[in-house]
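Chemist: I'd like to ask you about the structure that follows.
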Amino acid sequence: METIKAYFALTKPRVIELLLVAAIPAMLQADRGSVNVWLILGTLLGGWMGAGAANTFNMVADYDIDQKMGRTRARPLVRAKVTKKRAAVFAWALLVLSVLWLGFLCKSWLAAFFIILTNWFYIFIYTKWLKRRTWQNVIWGGAAGCMPVLVGWAVIRDNVHDGSPDRWWQAIVMFLIIFFWTPPHTWALAMKYREDYARVNVPMLPVVASPAETTRQILIYSWVTVGTSLLLVPAASWIYLVVALASGAAFLAVATKLHNDVKRGIDVKPLKLFILSNNYLAALFLALSVDAVLGWQTLSQLL
């Protein structure tokens with residue numbers, strides 16, 4: 001049982017939960033008013049395997065620095081619960097199964113391609129190239145975390161044959177919401193663990209920039225995130241509009257307070273923004289999911 005738990009931990013289940021939260025609204029919005037439960041569940045399982053592979057590869061690549069960071073010392077490889085070789089084999093097995101699952105069972109080789117692209121980008125572009133070289137690592141590396149949206153959208157559109165337009169622009173907007181959301185979310189956490197990153201020479205923004213500059217960047221990306229979320233308003237009903245405005249206002253309020261308190265020299269708790277950013281994205285995508293399931297007329301149709 002301990003070995004099973006260790007392998008499960010390699011997949012970073014908490015991170016995967018967030019990724020799957022992004023895939024569900026994309027699948028529902030891709031075919032508004034219709035819910036293919038089995039296809040959604042199948043895609044989530046295939047996506048879980050693909051994301052688990054990427055996270056496991058990441059732990060193998062980051063084994064050296066994970067030993068030195070307090071936040072990561074409990075990971076399976078660091079505690080020698082699983083060897084690096086076995087972890088790599090496990091990751092490859094998950095990746096192959098994910099690709100075959102999405103291609104054959106979910107009938108979307110485009111989704112399978114996105115899984116391969118995610119793993120390649122996350123490991124070689126983010127983990128092995130950007131992460132230890134530039135403070136912009138999470139900006140560009142965050143693109144890997146946006147891929148579940150494209151995976152979900154691809155599966156639904158490859159299985160819908162009613163002649164309706166694919167509307168890929170909506171998937172791109174959801175991709176960009178997560179893309180712009182990732183930096184403030186990650187930097188808030190990095191502010192808390194600044195010493196950890198400095199110890200292993202990972203140039204996260206809070207390590208190489210002042211607290212005021214860090215929170216300024218957080219505030220900028222928070223505004224861009226909320227602004228991007230409003231681009232979906234024409235494709236949804238008033239439900240999404242209300243939640244996007246309310247949750248966006250709360251997100252911006254906390255980000256603004258964090259920046260202002262830092263400028264004033266007040267002791268801050270960046271994890272508050274980190275937690276709220278999770279809740280913001282969850283609320284936003286839950287609203288979009290409900291909106292899509294109900295299938296009410298979109299605001300663009302009402303005008």
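Following the order of the structure tokens, chains are lettered A, B, ..., residues in each are numbered from 1, and ligands are numbered from 1.
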Can you list, as a PyMOL selection string, all residues belonging to stretch 48-280 of chain A that DSSP tags as alpha helix (DSSP H)?
Modeler: chain A and resi 48-61+63-66+84-100+109-120+137-141+147-159+168-192+194-199+205-208+211-229+238-263+271-280
Chemist: Using only C-alpha atoms, tabulate the residues of stretch 45-75 of chain A lying at most 12 Å from any atom of stretch 84-107 of chain A, each with its closest atom pair and that distance in Å to one decimal, by chain and increasing residue number, as CSV.
Modeler:
```
residue,atom,partner,partner_atom,distance
A:Leu45,CA,A:Ser98,CA,8.1
A:Gly46,CA,A:Ser98,CA,4.8
A:Gly47,CA,A:Ser98,CA,6.7
A:Trp48,CA,A:Ser98,CA,7.9
A:Met49,CA,A:Leu94,CA,5.2
A:Gly50,CA,A:Ser98,CA,5.2
A:Ala51,CA,A:Leu95,CA,8.3
A:Gly52,CA,A:Leu94,CA,7.0
A:Ala53,CA,A:Ala91,CA,4.3
A:Ala54,CA,A:Ala91,CA,7.2
A:Asn55,CA,A:Ala91,CA,8.2
A:Thr56,CA,A:Ala91,CA,5.6
A:Phe57,CA,A:Ala91,CA,6.0
A:Asn58,CA,A:Ala91,CA,9.5
A:Met59,CA,A:Ala87,CA,8.5
A:Val60,CA,A:Lys84,CA,5.9
A:Ala61,CA,A:Lys84,CA,9.1
A:Asp62,CA,A:Lys84,CA,10.6
A:Tyr63,CA,A:Lys84,CA,8.3
A:Asp64,CA,A:Lys84,CA,11.1
A:Arg75,CA,A:Ala87,CA,11.9
```
Chemist: At a cut-off of 9 Å, using only C-alpha atoms, what residues contact stretch 218-229 of chain A? Leave out same-chain residues fewer than 4 positions from it and give the result as a PyMOL selection string.
Modeler: chain A and resi 173-174+176-185+187-188+213-214+233+244-245+247-249+251-252+255-256+258-259+284
Chemist: Report, in Å to a single decimal, how far apart atom CA of A:Leu288 and atom CA of A:Asp31 are.
Modeler: 12.3 Å
Chemist: Which residue out of A:Leu281, A:Ala292, A:Ala111, A:Pro211 has the minimum interatomic distance to A:Ile266 when only C-alpha atoms are used?
Modeler: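 Among the listed residues, the smallest separation from A:Ile266 belongs to A:Pro211.
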Chemist: Provide the atom CA of A:Arg264 to atom CA of A:Ala246 distance in Å, to one decimal place.
Modeler: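 Atom CA of A:Arg264 sits 27.0 Å away from atom CA of A:Ala246.
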Chemist: Using only C-alpha atoms, which residues sit within 6 Å of stretch 140-144 of chain A once same-chain residues fewer than 3 positions away are excluded, as a short mmCIF file (atom, residue, chain, number, x, y, z; two decimals) with N, CA, C and O atoms, in the first residue's frame?
Modeler:
```
data_model
loop_
_atom_site.label_atom_id
_atom_site.label_comp_id
_atom_site.auth_asym_id
_atom_site.auth_seq_id
_atom_site.Cartn_x
_atom_site.Cartn_y
_atom_site.Cartn_z
N THR A 118 2.21 18.46 -24.38
CA THR A 118 2.27 18.91 -22.99
C THR A 118 3.49 18.35 -22.28
O THR A 118 4.22 19.07 -21.60
N TYR A 122 6.53 20.64 -21.00
CA TYR A 122 6.71 20.75 -19.56
C TYR A 122 8.09 20.29 -19.12
O TYR A 122 8.72 20.91 -18.26
N TYR A 126 10.12 23.85 -20.04
CA TYR A 126 10.02 24.45 -18.71
C TYR A 126 11.06 23.91 -17.73
O TYR A 126 11.93 24.65 -17.24
N ASN A 137 10.29 31.87 -16.14
CA ASN A 137 10.03 30.43 -16.27
C ASN A 137 8.54 30.08 -16.16
O ASN A 137 8.02 29.35 -17.00
N MET A 147 -2.96 23.12 -21.33
CA MET A 147 -3.29 22.14 -22.34
C MET A 147 -4.55 21.31 -22.09
O MET A 147 -5.22 20.89 -23.03
N PHE A 179 -3.25 30.66 -18.71
CA PHE A 179 -1.89 31.12 -19.00
C PHE A 179 -1.55 32.38 -18.20
O PHE A 179 -0.47 32.48 -17.59
#
```
Chemist: Between A:Val243, A:Ile156, A:Ala74, A:Leu110, which has the minimum distance to A:Ala282 (counting only C-alpha atoms)?
Modeler: A:Val243
Chemist: In terms of the shortest atom-to-atom distance over only C-alpha atoms, which of A:Glu2, A:Asp196, A:Asp291, A:Asp166 is closest to A:Ile65?
Modeler: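 Distance minimum relative to A:Ile65 lands on A:Asp196.
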